Amino acid sequence: MPSGRKLLPMERPILPLQKFAWLVRAIRAFHQDPKIKETTFFTTALNRHLEEDLKPATINRLESGSADFTIERCMAFEKVLGLDDLDLVDCYVYASRAQGQTPKTSAARVSEAAGTEVELLWRLAKDEPLTSLEWLRLAHLYRNRPDVLASSPVRECFLHRLLDMAGESFEKEERLVREVLITVGADVLPILRERVRTNPLRYFTICEAAGFMTGENSRQFLVDLALGMRDGAVTATLLEPLRRRLHADGVGPQGMQHHAPAFRDHALTVLDDTDEFFTAREEALSFLRWGNFALSPRERSRMSDIREDLAQLRLECDKTYRRDLVTEVAQRFTKDLSASALAGEGTPLAVPGVRTFIHDGLFSPERVDRLTASVMIRPWHLSGVLGTSLGSVVSRSVDKNDYGVQRAAVRFLTKLTRPEALEPIRAMGWSHLRDDSVRLTIGWALGAGSHERDCALLRHLGQSATTTATRRVVALSAARLGAWPLLEDLAKTWDFAAAGEAQRLIGRR
């Protein structure tokens, strides 16, 4: 980097992989070790963990989004930057898929069951746990040399154990296992279909993997499950992958062929049910707009009746309101950062690009784009400060009638997986909430919280919930927290669906 030029991230990272490059540069630029900010020193330290030798110019190209990362490069960056294992790998894999690219890794070249692979297969047979990257290595072997795992017992063991891991994963681990499933391909889908049917809340997010696979089987999986299983949690993660698949196949809405009327009616039914999972309704609205489906006068009238709710789903806010809220969060972040012990001497308080993450995480019309913004900023050591700032502003400045923004803010904070980011979520949970879907998002977030601090709030959310969807999520979070008395109470409730969810979760104890 030329002398005198500050090491700062880009001003407007738009594409997912640009956001990832911003993240890596931001971690280094705001690192508390001044040597890390010096590119020549950093390059030397990085090359100790790589089989290739990178040059300082390559580091700058990587961090400006003009060169390609790999999983191996991400792991080297993690070591030198002092990050948790797979923090950058998670973000890189997620950003690559969000941008329609396949993550690059040397494991993709595995074509023989050599020493490492034989040991992994032996451990698999002994029922020993494997890391997500070990699973990914086996997945590439499975794809490149299907004959190695052709034996029916071995193959079934591999696929079932993989889905066992998927069902127990959450956030970072779940996103990584999704990449393993994508690599394995459509062979895993028949087993996944049965897992989703018997335990939808545990497996609904895993369905997204099918949208990144190729071949008719994966598309048919999405079609059959979306039309055959009317569960709001599942619908939320089937419609977007189906759109993605049809777009990748170059056919668009026309690719649904004779299924188009059924999907249109299904999406309208989901959208019309204001008690349904709001995530399902978000995707139903996007699906209808994407397909440009014609509506009858009666259907248009019904949509007009729920216009306010549709506006909340689309986060249709006045531009001035959006700009002012983003500005307020950014200013509060600068103030909080200046008072934080994480801001070392010489740390710049004005962070280029941070407004883009705030805006996209709160106001992007598509759910996946909002999630990408929050996932991409999670490993930054200052993301907890940003989360606290955002939570404070949202709690103070966002009216309860703007529940779409409240939902987006809670989801943003949840993806950060920082303990301090849960504080504003808890405060919101104990406050007066207009919309039950905000209770749902808070309930989901608390599943990664503290047993001592969050059981009472989860109980409060379950008791004040007005929809089955929220009570089901409260049950899942209670299970993640180990709040068994709460689950036992939910299992006795008059809400048959929520009680059944609680009973299934108790049965897995």
# chains A, B, ... in the order shown; residues from 1 in each chain; ligands from 1
>>> residues_around(residues="region 138-144 of chain A", least_positions_apart="2", cutoff="7 Å", atoms="only C-alpha atoms", output="PyMOL selection string")
chain A and resi 107-108+110-111+117+134-136+146+149+180+183-184
>>> write_last_selection(atoms="N, CA and C atoms", output="PDB file, in the first residue's frame")
ATOM      1  N   ALA A 107     -10.011 -28.576  -1.486  1.00  0.00           N
ATOM      2  CA  ALA A 107     -10.733 -29.834  -1.260  1.00  0.00           C
ATOM      3  C   ALA A 107     -11.561 -30.246  -2.470  1.00  0.00           C
ATOM      4  N   ALA A 108     -11.893 -29.293  -3.323  1.00  0.00           N
ATOM      5  CA  ALA A 108     -12.679 -29.615  -4.521  1.00  0.00           C
ATOM      6  C   ALA A 108     -11.927 -30.548  -5.460  1.00  0.00           C
ATOM      7  N   VAL A 110     -10.201 -33.202  -4.425  1.00  0.00           N
ATOM      8  CA  VAL A 110     -10.067 -34.538  -3.827  1.00  0.00           C
ATOM      9  C   VAL A 110     -10.744 -35.563  -4.731  1.00  0.00           C
ATOM     10  N   SER A 111      -9.982 -36.526  -5.205  1.00  0.00           N
ATOM     11  CA  SER A 111     -10.547 -37.534  -6.108  1.00  0.00           C
ATOM     12  C   SER A 111     -10.132 -38.952  -5.740  1.00  0.00           C
ATOM     13  N   GLU A 117      -8.670 -39.052   3.931  1.00  0.00           N
ATOM     14  CA  GLU A 117     -10.056 -39.440   3.680  1.00  0.00           C
ATOM     15  C   GLU A 117     -10.377 -40.793   4.318  1.00  0.00           C
ATOM     16  N   GLU A 134     -14.192 -31.084   7.677  1.00  0.00           N
ATOM     17  CA  GLU A 134     -13.962 -32.518   7.408  1.00  0.00           C
ATOM     18  C   GLU A 134     -15.140 -33.100   6.638  1.00  0.00           C
ATOM     19  N   TRP A 135     -16.335 -32.696   6.999  1.00  0.00           N
ATOM     20  CA  TRP A 135     -17.508 -33.123   6.225  1.00  0.00           C
ATOM     21  C   TRP A 135     -17.415 -32.622   4.787  1.00  0.00           C
ATOM     22  N   LEU A 136     -16.963 -31.378   4.635  1.00  0.00           N
ATOM     23  CA  LEU A 136     -16.870 -30.812   3.284  1.00  0.00           C
ATOM     24  C   LEU A 136     -15.858 -31.583   2.446  1.00  0.00           C
ATOM     25  N   PRO A 146     -18.018 -41.111  -6.567  1.00  0.00           N
ATOM     26  CA  PRO A 146     -19.171 -41.749  -5.927  1.00  0.00           C
ATOM     27  C   PRO A 146     -18.985 -43.241  -5.683  1.00  0.00           C
ATOM     28  N   LEU A 149     -18.036 -44.451  -2.004  1.00  0.00           N
ATOM     29  CA  LEU A 149     -19.103 -44.609  -1.013  1.00  0.00           C
ATOM     30  C   LEU A 149     -20.309 -45.296  -1.621  1.00  0.00           C
ATOM     31  N   VAL A 180     -21.949 -28.153   2.755  1.00  0.00           N
ATOM     32  CA  VAL A 180     -21.673 -29.580   2.613  1.00  0.00           C
ATOM     33  C   VAL A 180     -22.806 -30.259   1.846  1.00  0.00           C
ATOM     34  N   THR A 183     -22.723 -29.488  -1.817  1.00  0.00           N
ATOM     35  CA  THR A 183     -21.654 -30.236  -2.486  1.00  0.00           C
ATOM     36  C   THR A 183     -22.043 -31.691  -2.703  1.00  0.00           C
ATOM     37  N   VAL A 184     -22.679 -32.291  -1.718  1.00  0.00           N
ATOM     38  CA  VAL A 184     -23.131 -33.684  -1.865  1.00  0.00           C
ATOM     39  C   VAL A 184     -24.138 -33.793  -3.001  1.00  0.00           C
TER      40      VAL A 184
END
>>> closest_atom_pairs(of="region 239-316 of chain A", to="region 360-369 of chain A", cutoff="8 Å", atoms="only C-alpha atoms", output="JSON lines")
{"residue": "A:Glu282", "atom": "CA", "partner": "A:Arg367", "partner_atom": "CA", "distance": 7.5}
{"residue": "A:Glu283", "atom": "CA", "partner": "A:Arg367", "partner_atom": "CA", "distance": 7.8}
{"residue": "A:Ser286", "atom": "CA", "partner": "A:Glu366", "partner_atom": "CA", "distance": 7.6}
{"residue": "A:Arg314", "atom": "CA", "partner": "A:Pro365", "partner_atom": "CA", "distance": 5.4}
{"residue": "A:Leu315", "atom": "CA", "partner": "A:Phe363", "partner_atom": "CA", "distance": 6.0}
>>> atom_distance(atom1="CA of Asn217 (chain A)", atom2="CA of Leu181 (chain A)")
14.1 Å
>>> residues_around(residues="Val354 (chain A)", least_positions_apart="5", cutoff="12 Å", atoms="only C-alpha atoms", output="NGL selection string")
:A and (8-14 or 19 or 22-23 or 26 or 326-327 or 329-331 or 333-334 or 349 or 359-361 or 373-374 or 376-377 or 380 or 382-383 or 386-387 or 390)
>>> residues_around(residues="Val24 (chain A)", least_positions_apart="4", cutoff="8 Å", atoms="only C-alpha atoms", output="CSV table (one decimal) with N, CA and C atoms, in the first residue's frame")
chain,number,residue,atom,x,y,z
A,20,PHE,N,-17.9,-9.0,1.9
A,20,PHE,CA,-16.9,-9.9,2.5
A,20,PHE,C,-15.5,-9.3,2.5
A,28,ARG,N,-8.8,-5.9,9.8
A,28,ARG,CA,-7.4,-5.5,9.9
A,28,ARG,C,-7.2,-4.0,10.2
A,63,GLU,N,-8.6,-7.6,-0.3
A,63,GLU,CA,-9.3,-6.8,0.6
A,63,GLU,C,-10.1,-5.6,0.0
>>> atom_distance(atom1="CA of Arg453 (chain A)", atom2="CA of Ala409 (chain A)")
20.8 Å
>>> select_by_dssp(residues="region 140-334 of chain A", states="helix (DSSP H, G or I)", output="ChimeraX atom specification")
/A:140-144,146-149,152-168,172-184,186-198,200-212,216-228,232-236,239-248,252-272,278-291,297-305,307-314,319-334
>>> closest_residue(among="A:Ser397, A:Leu239, A:Arg426, A:Ile442", to="Val410 (chain A)", atoms="only C-alpha atoms")
A:Ile442
>>> closest_residue(among="A:Leu246, A:Asp85, A:Asp164, A:Ala210", to="Pro129 (chain A)", atoms="only C-alpha atoms")
A:Asp164
>>> residues_around(residues="Ala491 (chain A)", least_positions_apart="3", cutoff="8 Å", atoms="only C-alpha atoms", output="list in words")
Leu487, Glu488, Ala498, Ala499, Gly500, Glu501, Ala502 and Gln503 of chain A
>>> residues_around(residues="region 35-43 of chain A", least_positions_apart="6", cutoff="10 Å", atoms="only C-alpha atoms", output="list in words")
Met1, Lys6, Leu7, Leu8, Arg25, Ile27, Arg28, Ala29, Asp53, Leu54, Lys55, Pro56, Ala57, Thr58, Ile59, Asn60, Phe77, Val80 and Leu81 of chain A
>>> write_last_selection(atoms="C-alpha atoms", output="PDB file, in the first residue's frame")
ATOM      1  CA  MET A   1       0.000   0.000   0.000  1.00  0.00           C
ATOM      2  CA  LYS A   6      -4.828   4.947   5.371  1.00  0.00           C
ATOM      3  CA  LEU A   7      -5.824   1.292   5.608  1.00  0.00           C
ATOM      4  CA  LEU A   8      -9.623   1.580   5.428  1.00  0.00           C
ATOM      5  CA  ARG A  25     -10.215  -5.086   5.504  1.00  0.00           C
ATOM      6  CA  ILE A  27     -10.999  -6.327  10.799  1.00  0.00           C
ATOM      7  CA  ARG A  28      -7.411  -5.519   9.869  1.00  0.00           C
ATOM      8  CA  ALA A  29      -7.824  -1.740   9.713  1.00  0.00           C
ATOM      9  CA  ASP A  53       3.196 -17.077  -1.264  1.00  0.00           C
ATOM     10  CA  LEU A  54       1.013 -13.980  -1.493  1.00  0.00           C
ATOM     11  CA  LYS A  55       2.416 -10.510  -2.154  1.00  0.00           C
ATOM     12  CA  PRO A  56       1.298  -7.287  -0.443  1.00  0.00           C
ATOM     13  CA  ALA A  57      -0.357  -6.179  -3.688  1.00  0.00           C
ATOM     14  CA  THR A  58      -2.413  -9.397  -3.676  1.00  0.00           C
ATOM     15  CA  ILE A  59      -3.524  -8.755  -0.095  1.00  0.00           C
ATOM     16  CA  ASN A  60      -4.756  -5.315  -1.108  1.00  0.00           C
ATOM     17  CA  PHE A  77      -6.472 -14.797   7.634  1.00  0.00           C
ATOM     18  CA  VAL A  80      -3.201 -14.126  11.798  1.00  0.00           C
ATOM     19  CA  LEU A  81      -6.120 -11.878  12.746  1.00  0.00           C
TER      20      LEU A  81
END
>>> residues_around(residues="region 260-270 of chain A", least_positions_apart="2", cutoff="8 Å", atoms="only C-alpha atoms", output="PyMOL selection string")
chain A and resi 227+232+253+256-258+272-273+276+280-281+284-285+287-288+293
>>> write_last_selection(atoms="N, CA, C and O atoms", output="mmCIF file, in the first residue's frame")
data_model
loop_
_atom_site.group_PDB
_atom_site.id
_atom_site.type_symbol
_atom_site.label_atom_id
_atom_site.label_comp_id
_atom_site.auth_asym_id
_atom_site.auth_seq_id
_atom_site.Cartn_x
_atom_site.Cartn_y
_atom_site.Cartn_z
ATOM 1 N N LEU A 227 -45.486 -27.357 -2.320
ATOM 2 C CA LEU A 227 -46.919 -27.538 -2.573
ATOM 3 C C LEU A 227 -47.531 -28.619 -1.701
ATOM 4 O O LEU A 227 -48.745 -28.617 -1.465
ATOM 5 N N GLY A 232 -45.633 -22.964 7.529
ATOM 6 C CA GLY A 232 -45.087 -21.638 7.276
ATOM 7 C C GLY A 232 -43.581 -21.561 7.404
ATOM 8 O O GLY A 232 -42.918 -20.856 6.638
ATOM 9 N N PRO A 253 -40.043 -17.464 -14.156
ATOM 10 C CA PRO A 253 -41.366 -17.978 -13.765
ATOM 11 C C PRO A 253 -41.932 -18.999 -14.751
ATOM 12 O O PRO A 253 -42.705 -19.882 -14.364
ATOM 13 N N MET A 256 -41.960 -22.846 -14.053
ATOM 14 C CA MET A 256 -42.917 -23.571 -13.202
ATOM 15 C C MET A 256 -43.942 -24.337 -14.031
ATOM 16 O O MET A 256 -44.588 -25.255 -13.540
ATOM 17 N N GLN A 257 -44.122 -23.909 -15.276
ATOM 18 C CA GLN A 257 -45.032 -24.567 -16.219
ATOM 19 C C GLN A 257 -46.409 -24.790 -15.585
ATOM 20 O O GLN A 257 -47.035 -23.843 -15.115
ATOM 21 N N HIS A 258 -46.874 -26.013 -15.538
ATOM 22 C CA HIS A 258 -48.237 -26.279 -15.068
ATOM 23 C C HIS A 258 -48.402 -26.090 -13.571
ATOM 24 O O HIS A 258 -49.526 -26.099 -13.061
ATOM 25 N N ASP A 272 -52.341 -13.963 2.720
ATOM 26 C CA ASP A 272 -53.618 -13.521 3.288
ATOM 27 C C ASP A 272 -53.750 -13.863 4.770
ATOM 28 O O ASP A 272 -54.544 -13.268 5.485
ATOM 29 N N ASP A 273 -52.953 -14.830 5.239
ATOM 30 C CA ASP A 273 -53.045 -15.283 6.632
ATOM 31 C C ASP A 273 -52.061 -14.486 7.481
ATOM 32 O O ASP A 273 -50.881 -14.816 7.567
ATOM 33 N N GLU A 276 -49.757 -16.243 9.977
ATOM 34 C CA GLU A 276 -48.730 -17.172 9.500
ATOM 35 C C GLU A 276 -47.343 -16.611 9.817
ATOM 36 O O GLU A 276 -47.177 -15.433 10.128
ATOM 37 N N ALA A 280 -42.599 -16.493 5.962
ATOM 38 C CA ALA A 280 -43.293 -17.134 4.845
ATOM 39 C C ALA A 280 -44.063 -16.099 4.035
ATOM 40 O O ALA A 280 -44.102 -16.148 2.800
ATOM 41 N N ARG A 281 -44.654 -15.147 4.725
ATOM 42 C CA ARG A 281 -45.428 -14.116 4.039
ATOM 43 C C ARG A 281 -44.503 -13.168 3.270
ATOM 44 O O ARG A 281 -44.851 -12.699 2.181
ATOM 45 N N ALA A 284 -43.717 -15.122 0.195
ATOM 46 C CA ALA A 284 -44.897 -15.238 -0.670
ATOM 47 C C ALA A 284 -45.111 -13.953 -1.460
ATOM 48 O O ALA A 284 -45.421 -13.981 -2.664
ATOM 49 N N LEU A 285 -44.924 -12.810 -0.796
ATOM 50 C CA LEU A 285 -45.078 -11.531 -1.483
ATOM 51 C C LEU A 285 -44.006 -11.363 -2.560
ATOM 52 O O LEU A 285 -44.305 -10.937 -3.689
ATOM 53 N N PHE A 287 -42.497 -13.724 -4.103
ATOM 54 C CA PHE A 287 -42.780 -14.715 -5.146
ATOM 55 C C PHE A 287 -43.858 -14.203 -6.100
ATOM 56 O O PHE A 287 -43.740 -14.335 -7.324
ATOM 57 N N LEU A 288 -44.897 -13.602 -5.552
ATOM 58 C CA LEU A 288 -45.973 -13.073 -6.390
ATOM 59 C C LEU A 288 -45.481 -11.930 -7.265
ATOM 60 O O LEU A 288 -45.831 -11.837 -8.450
ATOM 61 N N PHE A 293 -47.847 -12.395 -11.283
ATOM 62 C CA PHE A 293 -49.117 -13.106 -11.417
ATOM 63 C C PHE A 293 -50.281 -12.119 -11.458
ATOM 64 O O PHE A 293 -50.317 -11.140 -10.706
#
